[in-house]
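Visitor: So that you have it, the file is entry33.json, and it contains JSON, C-alpha atoms:
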[["chain", "number", "residue", "atom", "x", "y", "z"],
["A", 19, "MET", "CA", 10.40, 28.22, -10.00],
["A", 20, "LEU", "CA", 9.42, 25.64, -12.62],
["A", 21, "ARG", "CA", 11.97, 23.16, -11.27],
["A", 22, "LYS", "CA", 10.65, 23.70, -7.72],
["A", 23, "PHE", "CA", 7.06, 23.12, -8.91],
["A", 24, "SER", "CA", 8.11, 20.01, -10.84],
["A", 25, "ARG", "CA", 9.80, 18.48, -7.79],
["A", 26, "ARG", "CA", 6.74, 19.24, -5.68],
["A", 27, "ALA", "CA", 4.43, 17.75, -8.31],
["A", 28, "VAL", "CA", 6.56, 14.60, -8.52],
["A", 29, "ALA", "CA", 6.53, 14.29, -4.73],
["A", 30, "VAL", "CA", 2.76, 14.72, -4.56],
["A", 31, "THR", "CA", 2.24, 12.25, -7.42],
["A", 32, "ALA", "CA", 4.47, 9.75, -5.64],
["A", 33, "GLY", "CA", 2.45, 10.32, -2.47],
["A", 34, "ILE", "CA", -0.82, 9.62, -4.25],
["A", 35, "ALA", "CA", 0.65, 6.54, -5.91],
["A", 36, "PHE", "CA", 1.85, 5.34, -2.50],
["A", 37, "ILE", "CA", -1.61, 5.80, -1.01],
["A", 38, "ILE", "CA", -3.15, 3.76, -3.82],
["A", 39, "THR", "CA", -0.61, 0.96, -3.89],
["A", 40, "ALA", "CA", 0.69, 0.79, -0.31],
["A", 41, "PRO", "CA", 0.33, -2.74, 1.00],
["A", 42, "THR", "CA", -1.51, -3.01, 4.24],
["A", 43, "THR", "CA", -1.87, -5.71, 6.79],
["A", 44, "PRO", "CA", -5.27, -7.36, 7.11],
["A", 45, "LEU", "CA", -7.62, -5.17, 9.06],
["A", 46, "SER", "CA", -10.32, -6.11, 11.50],
["A", 47, "ALA", "CA", -13.79, -4.77, 10.74],
["A", 48, "GLN", "CA", -13.33, -2.34, 13.62],
["A", 49, "ASP", "CA", -10.06, -0.93, 12.21],
["A", 50, "SER", "CA", -11.09, -0.73, 8.54],
["A", 51, "LYS", "CA", -13.36, 2.33, 8.79],
["A", 52, "PRO", "CA", -10.78, 4.63, 10.46],
["A", 53, "THR", "CA", -8.14, 3.44, 7.95],
["A", 54, "GLU", "CA", -10.53, 4.02, 5.05],
["A", 55, "TYR", "CA", -11.27, 7.58, 6.17],
["A", 56, "ARG", "CA", -7.62, 8.40, 6.86],
["A", 57, "SER", "CA", -6.88, 7.35, 3.27],
["A", 58, "LYS", "CA", -9.78, 9.46, 1.97],
["A", 59, "ALA", "CA", -8.55, 12.41, 4.03],
["A", 60, "ARG", "CA", -5.07, 12.08, 2.48],
["A", 61, "PHE", "CA", -6.59, 12.19, -0.99],
["A", 62, "LEU", "CA", -8.83, 15.16, -0.22],
["A", 63, "ALA", "CA", -5.85, 17.08, 1.15],
["A", 64, "THR", "CA", -3.83, 16.22, -1.99],
["A", 65, "PHE", "CA", -6.44, 16.70, -4.77],
["A", 66, "PRO", "CA", -6.23, 20.53, -4.80],
["A", 67, "SER", "CA", -2.67, 20.39, -6.11],
["A", 68, "PHE", "CA", -3.95, 18.59, -9.22],
["A", 69, "VAL", "CA", -7.02, 20.69, -9.98],
["A", 70, "GLU", "CA", -7.32, 24.22, -11.38],
["A", 71, "TRP", "CA", -10.23, 26.39, -10.24],
["A", 72, "PRO", "CA", -11.41, 29.47, -12.11],
["A", 73, "GLU", "CA", -10.18, 32.75, -10.61],
["A", 74, "ILE", "CA", -13.71, 33.70, -9.59],
["A", 75, "ALA", "CA", -13.76, 30.71, -7.21],
["A", 76, "PHE", "CA", -11.74, 32.79, -4.75],
["A", 77, "PRO", "CA", -13.38, 36.05, -3.65],
["A", 78, "SER", "CA", -9.99, 37.54, -2.71],
["A", 79, "SER", "CA", -6.31, 36.66, -2.82],
["A", 80, "GLU", "CA", -6.42, 35.97, 0.94],
["A", 81, "ALA", "CA", -9.47, 33.69, 0.73],
["A", 82, "PRO", "CA", -8.78, 30.19, 2.10],
["A", 83, "PHE", "CA", -9.17, 26.97, 0.18],
["A", 84, "LEU", "CA", -12.31, 25.29, 1.59],
["A", 85, "ILE", "CA", -12.76, 21.54, 1.89],
["A", 86, "CYS", "CA", -16.29, 20.86, 3.09],
["A", 87, "VAL", "CA", -18.00, 17.70, 4.28],
["A", 88, "ARG", "CA", -21.77, 17.19, 3.97],
["A", 89, "GLY", "CA", -23.26, 14.30, 5.90],
["A", 90, "ASP", "CA", -21.62, 11.94, 8.38],
["A", 91, "PHE", "CA", -18.22, 13.26, 9.45],
["A", 92, "SER", "CA", -16.41, 9.93, 9.66],
["A", 93, "PHE", "CA", -12.99, 11.58, 9.25],
["A", 94, "GLY", "CA", -12.69, 12.49, 12.90],
["A", 95, "THR", "CA", -9.78, 14.94, 13.09],
["A", 96, "SER", "CA", -7.68, 13.30, 10.34],
["A", 97, "LEU", "CA", -8.91, 15.53, 7.49],
["A", 98, "ALA", "CA", -8.20, 18.76, 9.38],
["A", 99, "GLU", "CA", -4.81, 17.45, 10.55],
["A", 100, "LEU", "CA", -3.70, 16.42, 7.05],
["A", 101, "ALA", "CA", -5.00, 19.60, 5.42],
["A", 102, "ARG", "CA", -3.39, 21.88, 8.01],
["A", 103, "GLY", "CA", 0.06, 21.83, 6.42],
["A", 104, "ALA", "CA", -1.18, 22.02, 2.83],
["A", 105, "SER", "CA", -1.17, 25.24, 0.82],
["A", 106, "PRO", "CA", -2.68, 24.46, -2.58],
["A", 107, "HIS", "CA", -2.29, 27.33, -5.02],
["A", 108, "GLY", "CA", -0.62, 29.32, -2.22],
["A", 109, "LYS", "CA", -3.73, 29.30, -0.02],
["A", 110, "ARG", "CA", -4.27, 28.02, 3.49],
["A", 111, "VAL", "CA", -6.82, 25.21, 3.82],
["A", 112, "GLU", "CA", -9.91, 25.21, 6.01],
["A", 113, "VAL", "CA", -12.04, 22.14, 6.64],
["A", 114, "ARG", "CA", -15.74, 22.66, 7.41],
["A", 115, "TRP", "CA", -18.57, 20.33, 8.29],
["A", 116, "VAL", "CA", -21.47, 21.86, 6.38],
["A", 117, "HIS", "CA", -25.04, 21.55, 7.69],
["A", 118, "ASN", "CA", -26.76, 23.77, 5.12],
["A", 119, "ASP", "CA", -26.87, 22.77, 1.43],
["A", 120, "GLN", "CA", -26.38, 26.39, 0.30],
["A", 121, "GLU", "CA", -23.05, 26.60, 2.16],
["A", 122, "LEU", "CA", -21.62, 24.01, -0.25],
["A", 123, "ARG", "CA", -21.52, 26.60, -3.06],
["A", 124, "SER", "CA", -18.73, 28.49, -1.27],
["A", 125, "CYS", "CA", -16.57, 25.36, -0.99],
["A", 126, "HIS", "CA", -13.80, 24.33, -3.38],
["A", 127, "ILE", "CA", -14.10, 20.63, -2.61],
["A", 128, "ALA", "CA", -17.36, 19.18, -1.34],
["A", 129, "PHE", "CA", -17.11, 15.67, 0.08],
["A", 130, "ILE", "CA", -20.64, 14.28, 0.12],
["A", 131, "SER", "CA", -20.89, 11.36, 2.52],
["A", 132, "ARG", "CA", -22.73, 8.14, 1.69],
["A", 133, "SER", "CA", -25.26, 9.16, 4.35],
["A", 134, "GLU", "CA", -26.52, 11.75, 1.80],
["A", 135, "SER", "CA", -26.87, 9.29, -1.12],
["A", 136, "LYS", "CA", -30.66, 9.69, -1.30],
["A", 137, "ARG", "CA", -30.13, 13.44, -1.70],
["A", 138, "TYR", "CA", -27.41, 13.34, -4.39],
["A", 139, "ALA", "CA", -29.69, 14.73, -7.11],
["A", 140, "LYS", "CA", -30.67, 17.75, -5.02],
["A", 141, "LEU", "CA", -27.16, 18.42, -3.70],
["A", 142, "LEU", "CA", -25.44, 18.07, -7.06],
["A", 143, "GLN", "CA", -28.07, 20.13, -8.85],
["A", 144, "GLY", "CA", -27.54, 22.89, -6.27],
["A", 145, "LEU", "CA", -23.83, 22.89, -7.09],
["A", 146, "ASP", "CA", -24.26, 22.98, -10.86],
["A", 147, "GLY", "CA", -21.78, 25.47, -12.34],
["A", 148, "ALA", "CA", -20.52, 26.57, -8.90],
["A", 149, "GLY", "CA", -16.86, 25.63, -9.42],
["A", 150, "VAL", "CA", -16.96, 22.96, -6.70],
["A", 151, "LEU", "CA", -15.13, 19.65, -7.03],
["A", 152, "THR", "CA", -17.69, 17.13, -5.80],
["A", 153, "VAL", "CA", -16.34, 13.96, -4.20],
["A", 154, "GLY", "CA", -18.45, 11.02, -3.07],
["A", 155, "GLU", "CA", -18.03, 7.48, -1.85],
["A", 156, "THR", "CA", -20.73, 5.33, -3.41],
["A", 157, "PRO", "CA", -20.68, 3.36, -6.69],
["A", 158, "ASP", "CA", -23.42, 5.52, -8.24],
["A", 159, "PHE", "CA", -21.91, 8.94, -7.38],
["A", 160, "LEU", "CA", -20.38, 9.55, -10.83],
["A", 161, "GLU", "CA", -23.52, 8.49, -12.65],
["A", 162, "ARG", "CA", -25.55, 10.90, -10.50],
["A", 163, "GLY", "CA", -23.27, 13.78, -11.62],
["A", 164, "GLY", "CA", -20.42, 13.81, -9.11],
["A", 165, "ALA", "CA", -16.85, 14.51, -10.24],
["A", 166, "ILE", "CA", -14.79, 12.02, -8.18],
["A", 167, "SER", "CA", -15.87, 8.85, -6.44],
["A", 168, "PHE", "CA", -13.87, 6.87, -3.90],
["A", 169, "SER", "CA", -14.00, 3.13, -3.51],
["A", 170, "PHE", "CA", -12.17, 1.06, -0.92],
["A", 171, "GLU", "CA", -11.38, -2.33, -2.37],
["A", 172, "GLY", "CA", -8.92, -4.95, -1.27],
["A", 173, "GLU", "CA", -7.82, -2.69, 1.57],
["A", 174, "ALA", "CA", -6.74, -0.03, -0.97],
["A", 175, "LEU", "CA", -8.40, 3.27, -1.77],
["A", 176, "GLN", "CA", -9.16, 3.88, -5.43],
["A", 177, "PHE", "CA", -10.98, 6.64, -7.22],
["A", 178, "GLU", "CA", -12.85, 7.33, -10.44],
["A", 179, "VAL", "CA", -13.24, 10.66, -12.24],
["A", 180, "ASN", "CA", -16.15, 12.11, -14.19],
["A", 181, "LEU", "CA", -14.63, 14.70, -16.56],
["A", 182, "VAL", "CA", -18.08, 15.78, -17.74],
["A", 183, "ALA", "CA", -18.94, 16.87, -14.17],
["A", 184, "ALA", "CA", -15.54, 18.55, -13.73],
["A", 185, "ASP", "CA", -15.98, 20.46, -17.02],
["A", 186, "SER", "CA", -19.47, 21.53, -15.96],
["A", 187, "ALA", "CA", -17.95, 22.95, -12.75],
["A", 188, "HIS", "CA", -15.27, 24.78, -14.83],
["A", 189, "LEU", "CA", -12.49, 22.73, -13.26],
["A", 190, "LYS", "CA", -9.40, 21.35, -14.97],
["A", 191, "ILE", "CA", -8.05, 18.09, -13.57],
["A", 192, "ASN", "CA", -4.36, 17.48, -14.18],
["A", 193, "SER", "CA", -3.49, 14.51, -16.40],
["A", 194, "ARG", "CA", -1.15, 13.12, -13.70],
["A", 195, "LEU", "CA", -4.13, 12.64, -11.41],
["A", 196, "LEU", "CA", -6.20, 11.14, -14.22],
["A", 197, "THR", "CA", -3.54, 8.49, -14.90],
["A", 198, "LEU", "CA", -3.92, 7.28, -11.31],
["A", 199, "ALA", "CA", -7.70, 6.97, -11.54],
["A", 200, "ARG", "CA", -9.20, 3.52, -11.84],
["A", 201, "ARG", "CA", -11.68, 4.84, -14.41],
["A", 202, "VAL", "CA", -12.20, 8.16, -16.18],
["A", 203, "VAL", "CA", -15.59, 9.04, -17.65],
["A", 204, "ASN", "CA", -15.33, 11.54, -20.48],
["A", 205, "ARG", "CA", -17.87, 12.90, -22.94],
["A", 206, "THR", "CA", -17.59, 9.82, -25.14],
["A", 207, "GLY", "CA", -18.00, 7.48, -22.18],
["A", 208, "ALA", "CA", -20.91, 9.52, -20.83],
["A", 209, "ALA", "CA", -22.64, 9.40, -24.21],
["A", 210, "LYS", "CA", -22.30, 5.61, -24.25],
["A", 211, "GLY", "CA", -24.03, 5.27, -20.96]]
Turn the structure described in the file into structure tokens.

Guide:
Amino acid sequence: MLRKFSRRAVAVTAGIAFIITAPTTPLSAQDSKPTEYRSKARFLATFPSFVEWPEIAFPSSEAPFLICVRGDFSFGTSLAELARGASPHGKRVEVRWVHNDQELRSCHIAFISRSESKRYAKLLQGLDGAGVLTVGETPDFLERGGAISFSFEGEALQFEVNLVAADSAHLKINSRLLTLARRVVNRTGAAKG
């Protein structure tokens, strides 16, 4: 069992590393947004394998793993397609486009689109202590209290992690994922600014 898990973890880590470092051909402005969101969808479908949620995050053993999107749904069908075959922690994955802020509390991952950036404070405050991994896509998302922030630079997707926010949500992020992050904010880093 441990050997099987280790092989799977290595494969997933290699997949994440490939997503980060895969060379791409120059993209036209029209092609860059779909490529950016396909890359984000791959990450969102992979993150659950590297995060531990408290047992109370799942109301029953049959409860699905919920990836929710709040704001513009720029993923098209790619997020649902990539998540369909995943089974993090032995659970099937459901993708939902959430229209009500309260619905986010039942999610395991909440992707908060840049279209909601003016509402970050309200949304993140509403998720305080809820056991939800918050993921955003603007430079100020971590500073506003989000756990993971995407950036798309040089045609490559990168991410940053706020461990203070993850701890507040009672989530444990695996060190293998942290080593791939461009930046990790911890309690010391948060205290500095």

Visitor: So the first atom is atom CA of Glu80 of chain A and the second is atom CA of Pro106 of chain A; what is the distance between them in Å, to one decimal place?

Guide: 12.6 Å

Visitor: Can you measure atom CA of Lys109 of chain A to atom CA of Ser193 of chain A for me? One decimal in Å is fine.

Guide: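 Interatomic distance here is 22.1 Å.
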
Visitor: Would you mind reading off the distance between atom CA of Val150 of chain A and atom CA of Glu173 of chain A, one decimal, in Å?

Guide: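 Answer for the atom CA of Val150 of chain A to atom CA of Glu173 of chain A separation: 28.5 Å.
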
Visitor: Quick one: which segment 114-180 of chain A residues come within 10 Å of segment 62-73 of chain A, and what is the nearest atom pair for each with the distance in Å to one decimal, counting all atoms listed in the file, rows ordered by chain and ascending number, as a tab-separated table?

Guide:
residue	atom	partner	partner_atom	distance
A:His126	CA	A:Trp71	CA	8.0
A:Ile127	CA	A:Leu62	CA	8.0
A:Ala128	CA	A:Leu62	CA	9.5
A:Phe129	CA	A:Leu62	CA	8.3
A:Gly149	CA	A:Trp71	CA	6.7
A:Val150	CA	A:Trp71	CA	8.3
A:Leu151	CA	A:Val69	CA	8.7
A:Val153	CA	A:Leu62	CA	8.6

Visitor: May I have the residues within 12 Å of segment 99-103 of chain A as a list in words, using all atoms listed in the file and disregarding those fewer than 4 positions away in the same chain?

Guide: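 Neighbouring residues, sequence-local ones excluded: Tyr55, Arg56, Ser57, Lys58, Ala59, Arg60, Phe61, Leu62, Ala63, Thr64, Phe65, Pro66, Ser67, Pro82, Phe83, Leu84, Ile85, Cys86, Phe93, Gly94, Thr95, Gly108, Lys109, Arg110, Val111, Glu112, Val113 and Arg114 of chain A.
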
Visitor: Looking at only C-alpha atoms, which of A:Ala148, A:Gln176, A:Leu189, A:Tyr138 is the one that sits closest to Gly164 of chain A?

Guide: A:Tyr138
